[in-house]
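Visitor: Before I ask anything, let me first share the structure, which is written out below as structure tokens.
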Protein chains: 2
Amino acid sequence: MSLESNQIVLSMRPGNGSIEDCFSLESKSLPALQEGEIRVANQYISLDPYIRLRLNDAKSYMAPQPLNSVIESAAVGEIEASRHADFNTGDKVVGLGNWQSKYQGKPNGFRKVSTQHIPLTTYLGPLGMTGVTAWIGVKKIIKPLSGEQIIITAASGAVGSVAGQICKQLGAKVIGVAGGPEKCDYVTEVLGFDTCLDYKSSDFEASLDDALKGKGIDGVFENVGGKQLDLFMERMNPHARVALCGLISGGYNATPLPIANANTFLTSRITMKGFIVSDYLEDWPIALSDIASMISQEVITWRESIIEGLENCPRAFTEMLSGKNIGKNLVKITSI
Amino acid sequence: MSLESNQIVLSMRPGNGSIEDCFSLESKSLPALQEGEIRVANQYISLDPYIRLRLNDAKSYMAPQPLNSVIESAAVGEIEASRHADFNTGDKVVGLGNWQSKYQGKPNGFRKVSTQHIPLTTYLGPLGMTGVTAWIGVKKIIKPLSGEQIIITAASGAVGSVAGQICKQLGAKVIGVAGGPEKCDYVTEVLGFDTCLDYKSSDFEASLDDALKGKGIDGVFENVGGKQLDLFMERMNPHARVALCGLISGGYNATPLPIANANTFLTSRITMKGFIVSDYLEDWPIALSDIASMISQEVITWRESIIEGLENCPRAFTEMLSGKNIGKNLVKITSI
């Protein structure tokens, strides 16, 4: 009996219809394990906005996700079989395990992790790409000074929640932006941001001015873009920094998302920097060590939204893009 | 007989009409020179785009130009009378001499300059704010590497022409953008840029792609903004840098000038930095020394467009904003 891996593949590029319809569930027979390979039973799959960008057939920082092949994505799991000297059956690993039940191949980019003190899913959250993304944006780009006013958009999300907590550690005044009162309550009461503004509220602009207390914005950790960003740009202090991590408000569709007023770059001498975490590989060790220290001191907290079943990846992914859930969005593999 | 200074004052803020109509020529009696003051007979007045921004009553990096007072601006001239120990009659000086025939007051920001080897007007051009602006944008923001492809907009202008020549010195491939064949010829044949694209040409976009030879853009020295910048943003290489020095295409009117596609910041991890030269005071000495060295080695050349007569400042300024002339725009004071 041959081993099988269930996979979610990209069956067509997104158009005007639902993103969810672009995926198909397939089953693939796994060949015999070759020398130097590992087989991982995936346990949790990471859902990340950058994957949406890769569904388009467009120039970007990564090549487009190929059609009719498994969605490339981070995952955590357990080594089920190994013909590689560095990995043994039973090891817990994080790596590009993809949207599938089993990963089989060379362990490029995989690393073993300990679950002695920390749950396995943490390596897809604060102690993984999510946390390092937050750390890079704050520590390498925004560099908040004590007392500065920093805006964190998508503040209840996986990246924003960690970014804001790091800013608080640095003594900044942190203003979150999230959609709806439930998320805003979470951001202030659980994450400890100074305030959180509901962008769905009709008086968002007035609440922004109220929160700023006439002092202007020194930095923005931007996951959203669009009208929110335009309002921030008009309120920047001289030498403000924008770490541009995502632009989810445009849905990463082919339609360009504008920045309304370029003059603000000049009048406030703004620095805006688009970044992705894989450009900062040399910073990962210090970032992970710093975040681990904050976790052990309990100054960083986080939440996960877990949906069960590989077959539900497309729905869970679509929900994540629409901002339905709080915290890190994961899919638990239940039928391996 | 009291001494008089003729002055151009801002009589009203720009609206929908001509900028030229916002100015008036007035005569002002000068009181007796006080201890610690100098009186300068202005010889050349510098016309700079940033002055247009100050005519608006809007938040910017400098307070608005006050109504009914002389237009604040750099000028060069000769000390006519001095009650300050550091300045003597006959000294040549550069400073904020303003749009007027005579400056009288404290010498704050004035410095003595030598015209032994270099014409006085050079201190308003490459050896003044203009040159340092070019130097900062190139050396502190774009930082071109040898072989990188750098775009210089308003390439025949005072700042762009120096910026491009500095990029050439650093081994970059320099692509200028200017309006019309005369300017483009000047940019390639006199300034030595690798090529120059005519933005007024109907096939500007095709000529841009032709000049890039499929290799993308690594840096932009941006004086213009608008549709030109949007075309560049779509063609950026990873980690491209944009030094945003001016946005003349919007005319610095109240109408916001958009950037069409914010996604490019993310997909190419672009850094865009708005800057003004007065934020970099600590770099002026090295910048001026570096530029002086390039001038003495004759690797930097420049041109001036001089209009005579203080009363012609408003017309000359309007012409400069419309990009009529090549090189540094100056007004020569003829009736002092």
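Ordering of the structure tokens sets the chain letters (A, B, ...); residue numbers start at 1 within each chain; ligands are numbered from 1 in the order shown.
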Could you pull out all residues of stretch 125-261 of chain B with a DSSP call of alpha helix (DSSP H) and give them as a PyMOL selection string?

Guide: chain B and resi 129-136+158-169+181-185+204-212+227-233

Visitor: Please, which residues of chain A lie no more than 9 Å from chain B when the count uses only C-alpha atoms, and can they be set out as a PyMOL selection string?

Guide: chain A and resi 53+59-62+225-226+238-239+244-247+250+252+255-276

Visitor: Let me see the file: selected residues, N, CA, C and O atoms, as a short mmCIF file (atom, residue, chain, number, x, y, z; two decimals), in the first residue's frame.

Guide:
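Below is the file part-v2.cif, written as the result:
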```cif
data_model
loop_
_atom_site.label_atom_id
_atom_site.label_comp_id
_atom_site.auth_asym_id
_atom_site.auth_seq_id
_atom_site.Cartn_x
_atom_site.Cartn_y
_atom_site.Cartn_z
N LEU A 53 -0.77 37.15 -2.33
CA LEU A 53 -0.01 37.82 -3.40
C LEU A 53 0.53 36.80 -4.41
O LEU A 53 0.55 37.05 -5.61
N LYS A 59 4.48 40.19 -11.09
CA LYS A 59 5.79 40.46 -10.51
C LYS A 59 5.64 40.71 -9.01
O LYS A 59 4.82 41.50 -8.58
N SER A 60 6.42 40.04 -8.23
CA SER A 60 6.40 40.28 -6.80
C SER A 60 7.72 39.81 -6.21
O SER A 60 8.65 39.48 -6.95
N TYR A 61 7.79 39.78 -4.90
CA TYR A 61 9.05 39.40 -4.28
C TYR A 61 9.28 37.90 -4.33
O TYR A 61 10.38 37.43 -4.10
N MET A 62 8.24 37.16 -4.60
CA MET A 62 8.40 35.73 -4.81
C MET A 62 7.76 35.40 -6.15
O MET A 62 6.82 36.08 -6.58
N GLY A 225 -3.05 49.60 4.57
CA GLY A 225 -3.02 50.53 3.45
C GLY A 225 -4.36 51.16 3.15
O GLY A 225 -5.32 51.07 3.94
N GLY A 226 -4.43 51.86 2.02
CA GLY A 226 -5.67 52.48 1.60
C GLY A 226 -6.01 53.72 2.42
O GLY A 226 -5.13 54.48 2.81
N PRO A 238 7.59 65.17 11.63
CA PRO A 238 8.82 65.13 10.82
C PRO A 238 9.61 63.85 11.10
O PRO A 238 9.71 63.41 12.24
N HIS A 239 10.11 63.27 10.01
CA HIS A 239 10.96 62.07 10.08
C HIS A 239 10.22 60.83 10.55
O HIS A 239 10.82 59.92 11.14
N LEU A 244 6.16 49.06 5.89
CA LEU A 244 5.05 48.58 5.08
C LEU A 244 5.16 47.07 4.94
O LEU A 244 5.98 46.55 4.19
N CYS A 245 4.32 46.40 5.70
CA CYS A 245 4.39 44.94 5.81
C CYS A 245 3.30 44.29 4.98
O CYS A 245 3.46 43.19 4.47
N GLY A 246 2.17 44.96 4.85
CA GLY A 246 1.06 44.40 4.09
C GLY A 246 0.10 45.49 3.67
O GLY A 246 0.14 46.61 4.18
N LEU A 247 -0.74 45.15 2.70
CA LEU A 247 -1.73 46.10 2.19
C LEU A 247 -3.04 45.36 1.97
O LEU A 247 -3.62 45.36 0.89
N GLY A 250 -6.43 46.34 0.05
CA GLY A 250 -6.62 46.19 -1.39
C GLY A 250 -6.91 44.75 -1.79
O GLY A 250 -7.17 44.48 -2.96
N TYR A 252 -5.00 42.51 -2.27
CA TYR A 252 -3.94 41.99 -3.14
C TYR A 252 -4.50 41.58 -4.51
O TYR A 252 -4.04 40.64 -5.13
N THR A 255 -6.06 45.30 -8.92
CA THR A 255 -6.35 46.74 -8.88
C THR A 255 -5.33 47.46 -8.00
O THR A 255 -5.17 47.11 -6.84
N PRO A 256 -4.64 48.46 -8.55
CA PRO A 256 -3.65 49.17 -7.72
C PRO A 256 -4.30 49.92 -6.57
O PRO A 256 -5.40 50.46 -6.70
N LEU A 257 -3.62 49.91 -5.46
CA LEU A 257 -4.07 50.63 -4.26
C LEU A 257 -3.24 51.91 -4.15
O LEU A 257 -2.04 51.84 -3.94
N PRO A 258 -3.86 53.08 -4.30
CA PRO A 258 -3.04 54.29 -4.31
C PRO A 258 -2.69 54.81 -2.91
O PRO A 258 -3.33 54.47 -1.92
N ILE A 259 -1.67 55.65 -2.88
CA ILE A 259 -1.41 56.51 -1.73
C ILE A 259 -1.83 57.91 -2.19
O ILE A 259 -1.36 58.39 -3.22
N ALA A 260 -2.73 58.53 -1.44
CA ALA A 260 -3.43 59.70 -1.99
C ALA A 260 -2.52 60.91 -2.19
O ALA A 260 -2.64 61.62 -3.16
N ASN A 261 -1.61 61.14 -1.26
CA ASN A 261 -0.92 62.42 -1.29
C ASN A 261 0.59 62.27 -1.09
O ASN A 261 1.08 62.21 0.02
N ALA A 262 1.29 62.22 -2.20
CA ALA A 262 2.74 62.05 -2.15
C ALA A 262 3.44 63.25 -1.51
O ALA A 262 4.54 63.13 -0.98
N ASN A 263 2.79 64.41 -1.53
CA ASN A 263 3.42 65.59 -0.94
C ASN A 263 3.78 65.39 0.53
O ASN A 263 4.72 66.00 1.04
N THR A 264 3.02 64.53 1.22
CA THR A 264 3.30 64.34 2.64
C THR A 264 4.68 63.72 2.86
O THR A 264 5.30 63.97 3.88
N PHE A 265 5.15 62.91 1.90
CA PHE A 265 6.51 62.38 2.00
C PHE A 265 7.52 63.51 2.16
O PHE A 265 8.48 63.40 2.90
N LEU A 266 7.25 64.56 1.42
CA LEU A 266 8.17 65.69 1.38
C LEU A 266 7.98 66.60 2.58
O LEU A 266 8.95 66.95 3.26
N THR A 267 6.72 66.95 2.85
CA THR A 267 6.49 67.94 3.88
C THR A 267 6.83 67.39 5.27
O THR A 267 7.25 68.14 6.14
N SER A 268 6.67 66.08 5.48
CA SER A 268 7.04 65.50 6.77
C SER A 268 8.31 64.67 6.69
O SER A 268 8.70 64.03 7.66
N ARG A 269 8.96 64.66 5.52
CA ARG A 269 10.19 63.86 5.33
C ARG A 269 9.99 62.45 5.87
O ARG A 269 10.72 61.98 6.75
N ILE A 270 8.98 61.80 5.31
CA ILE A 270 8.62 60.45 5.72
C ILE A 270 9.53 59.43 5.04
O ILE A 270 9.87 59.59 3.86
N THR A 271 9.91 58.40 5.77
CA THR A 271 10.56 57.24 5.17
C THR A 271 9.57 56.09 5.18
O THR A 271 9.05 55.72 6.23
N MET A 272 9.30 55.55 3.99
CA MET A 272 8.43 54.38 3.88
C MET A 272 9.25 53.24 3.31
O MET A 272 9.94 53.42 2.30
N LYS A 273 9.17 52.10 3.97
CA LYS A 273 9.98 50.97 3.54
C LYS A 273 9.12 49.73 3.47
O LYS A 273 8.57 49.30 4.49
N GLY A 274 8.95 49.18 2.26
CA GLY A 274 8.31 47.89 2.13
C GLY A 274 9.31 46.81 2.50
O GLY A 274 10.48 46.90 2.14
N PHE A 275 8.86 45.81 3.24
CA PHE A 275 9.83 44.79 3.65
C PHE A 275 9.17 43.42 3.73
O PHE A 275 7.97 43.29 3.92
N ILE A 276 10.00 42.41 3.58
CA ILE A 276 9.57 41.04 3.86
C ILE A 276 10.64 40.40 4.71
O ILE A 276 11.83 40.72 4.62
#
```

Visitor: Taking 4 positions as the minimum chain separation for residues in the same chain, which residues sit within 12 Å of B:Lys324 when counting only C-alpha atoms? Answer as a ChimeraX atom specification.

Guide: /B:154,156-157,178-180,182-183,305,315-320,328-329

Visitor: Hey, can you check how far atom CA of B:Thr301 sits from atom CA of B:Ser201?

Guide: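 For atom CA of B:Thr301 relative to atom CA of B:Ser201, the distance reads 26.3 Å.
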
Visitor: I'd like the contact shell of B:Ser11 - 8 Å cut-off, only C-alpha atoms, skipping same-chain residues fewer than 6 positions apart - returned as a list in words.

Guide: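 Residues near the query, excluding close chain neighbours: Cys22, Phe23, Ser24, Leu67 and Asn68 of chain B.
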
Visitor: Go ahead and write the selection's residues with C-alpha atoms as a short mmCIF file (atom, residue, chain, number, x, y, z; two decimals), in the first residue's frame.

Guide:
```
data_model
loop_
_atom_site.label_atom_id
_atom_site.label_comp_id
_atom_site.auth_asym_id
_atom_site.auth_seq_id
_atom_site.Cartn_x
_atom_site.Cartn_y
_atom_site.Cartn_z
CA CYS B 22 0.61 86.78 -5.99
CA PHE B 23 3.66 89.03 -5.72
CA SER B 24 4.14 92.80 -5.46
CA LEU B 67 1.91 87.53 3.75
CA ASN B 68 3.06 91.07 2.92
#
```

Visitor: Just list as a list in words whatever in stretch 59-166 of chain A DSSP marks as strand (DSSP E).

Guide: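 Of stretch 59-166 of chain A, the ones in strand (DSSP E) are Ala75, Val76, Gly77, Glu78, Ile79, Glu80, Ala81, Ser82, Lys92, Val93, Val94, Gly95, Lys102, Tyr103, Gln104, Gly105, Arg111, Lys112, Gln149, Ile150, Ile151 and Ile152 of chain A.
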
Visitor: Write a file of the just-selected residues containing N, CA, C and O atoms, as a CSV table (one decimal), in the first residue's frame.

Guide:
```
chain,number,residue,atom,x,y,z
A,75,ALA,N,4.5,25.3,8.0
A,75,ALA,CA,3.8,24.3,8.7
A,75,ALA,C,4.6,23.7,9.8
A,75,ALA,O,5.9,23.8,9.8
A,76,VAL,N,4.0,23.2,10.9
A,76,VAL,CA,4.8,22.4,11.9
A,76,VAL,C,4.2,21.0,11.9
A,76,VAL,O,3.1,20.8,11.6
A,77,GLY,N,5.1,20.1,12.3
A,77,GLY,CA,4.7,18.7,12.3
A,77,GLY,C,5.8,17.8,13.0
A,77,GLY,O,6.7,18.3,13.7
A,78,GLU,N,5.6,16.5,12.8
A,78,GLU,CA,6.5,15.6,13.4
A,78,GLU,C,7.1,14.7,12.3
A,78,GLU,O,6.4,14.3,11.4
A,79,ILE,N,8.4,14.4,12.5
A,79,ILE,CA,9.1,13.5,11.6
A,79,ILE,C,8.5,12.1,11.7
A,79,ILE,O,8.5,11.5,12.8
A,80,GLU,N,8.1,11.6,10.6
A,80,GLU,CA,7.4,10.3,10.5
A,80,GLU,C,8.4,9.3,10.0
A,80,GLU,O,8.4,8.1,10.4
A,81,ALA,N,9.3,9.7,9.2
A,81,ALA,CA,10.4,8.8,8.6
A,81,ALA,C,11.5,9.7,8.2
A,81,ALA,O,11.3,10.8,7.7
A,82,SER,N,12.7,9.3,8.4
A,82,SER,CA,13.9,10.1,8.0
A,82,SER,C,15.0,9.3,7.4
A,82,SER,O,15.3,8.2,7.9
A,92,LYS,N,10.1,17.1,16.4
A,92,LYS,CA,9.1,18.2,15.9
A,92,LYS,C,9.9,19.2,15.1
A,92,LYS,O,11.0,19.6,15.4
A,93,VAL,N,9.3,19.6,14.0
A,93,VAL,CA,9.9,20.5,13.0
A,93,VAL,C,9.0,21.6,12.6
A,93,VAL,O,7.8,21.4,12.5
A,94,VAL,N,9.6,22.7,12.2
A,94,VAL,CA,8.9,23.8,11.5
A,94,VAL,C,9.6,24.0,10.1
A,94,VAL,O,10.9,23.9,10.0
A,95,GLY,N,8.9,24.3,9.1
A,95,GLY,CA,9.5,24.5,7.8
A,95,GLY,C,8.4,24.7,6.8
A,95,GLY,O,7.2,24.9,7.1
A,102,LYS,N,1.2,15.5,4.5
A,102,LYS,CA,2.5,15.0,4.7
A,102,LYS,C,3.5,15.7,3.7
A,102,LYS,O,3.2,15.9,2.5
A,103,TYR,N,4.6,16.2,4.3
A,103,TYR,CA,5.7,16.7,3.5
A,103,TYR,C,6.7,15.6,3.3
A,103,TYR,O,7.1,15.0,4.3
A,104,GLN,N,7.2,15.4,2.1
A,104,GLN,CA,8.3,14.5,1.9
A,104,GLN,C,9.3,15.1,0.9
A,104,GLN,O,8.9,15.7,-0.2
A,105,GLY,N,10.5,15.1,1.3
A,105,GLY,CA,11.6,15.7,0.5
A,105,GLY,C,12.8,16.1,1.3
A,105,GLY,O,12.9,15.7,2.5
A,111,ARG,N,13.7,23.2,10.5
A,111,ARG,CA,14.5,23.2,11.7
A,111,ARG,C,13.7,22.4,12.8
A,111,ARG,O,12.5,22.5,12.9
A,112,LYS,N,14.5,21.8,13.7
A,112,LYS,CA,13.9,21.1,14.8
A,112,LYS,C,13.6,22.1,15.9
A,112,LYS,O,14.3,23.0,16.1
A,149,GLN,N,4.7,58.2,19.3
A,149,GLN,CA,3.3,57.7,19.0
A,149,GLN,C,3.4,56.8,17.8
A,149,GLN,O,3.7,57.3,16.7
A,150,ILE,N,3.1,55.5,18.0
A,150,ILE,CA,3.2,54.5,16.9
A,150,ILE,C,1.8,54.0,16.6
A,150,ILE,O,1.1,53.6,17.6
A,151,ILE,N,1.5,53.9,15.4
A,151,ILE,CA,0.2,53.3,14.9
A,151,ILE,C,0.5,51.8,14.5
A,151,ILE,O,1.4,51.6,13.7
A,152,ILE,N,-0.3,50.9,15.0
A,152,ILE,CA,-0.2,49.5,14.5
A,152,ILE,C,-1.6,49.1,13.9
A,152,ILE,O,-2.6,49.1,14.5
```

Visitor: Residues at most 7 Å from B:Asn6, counting only C-alpha atoms, excluding those fewer than 4 positions away in the same chain, as a ChimeraX atom specification?

Guide: /B:25-28,100-101

Visitor: Can you measure atom CA of B:Asn223 to atom CA of B:Pro49 for me? One decimal in Å is fine.

Guide: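 That distance, rounded to one decimal, is 9.6 Å.
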
Visitor: Write out as a list of chain:residue names which residues come within 10 Å of A:Ser114 when counting only C-alpha atoms, dropping same-chain ones fewer than 2 positions away.

Guide: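 Listed by chain and then number, they are A:Asp91, A:Lys92, A:Val93, A:Lys112, A:Gln116, A:His117, A:Ile118, A:Pro119, A:Leu120, A:Tyr123.
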
Visitor: Identify, on the basis of only C-alpha atoms, every residue whose closest approach to B:Glu308 does not exceed 12 Å; exclude the query and any residue fewer than 6 positions from it along the same chain; express the result as a ChimeraX atom specification.

Guide: /B:43-45,314-316,329-336

Visitor: Distance atom CA of A:Ser146-atom CA of A:Thr122, one decimal place?

Guide: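 That distance, rounded to one decimal, is 28.5 Å.
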
Visitor: Closest to A:Lys200 among A:Leu145, A:Gly323, A:Ser278, A:Ile217, using only C-alpha atoms?

Guide: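 Once distances to A:Lys200 are computed over only C-alpha atoms, the minimum belongs to A:Gly323.
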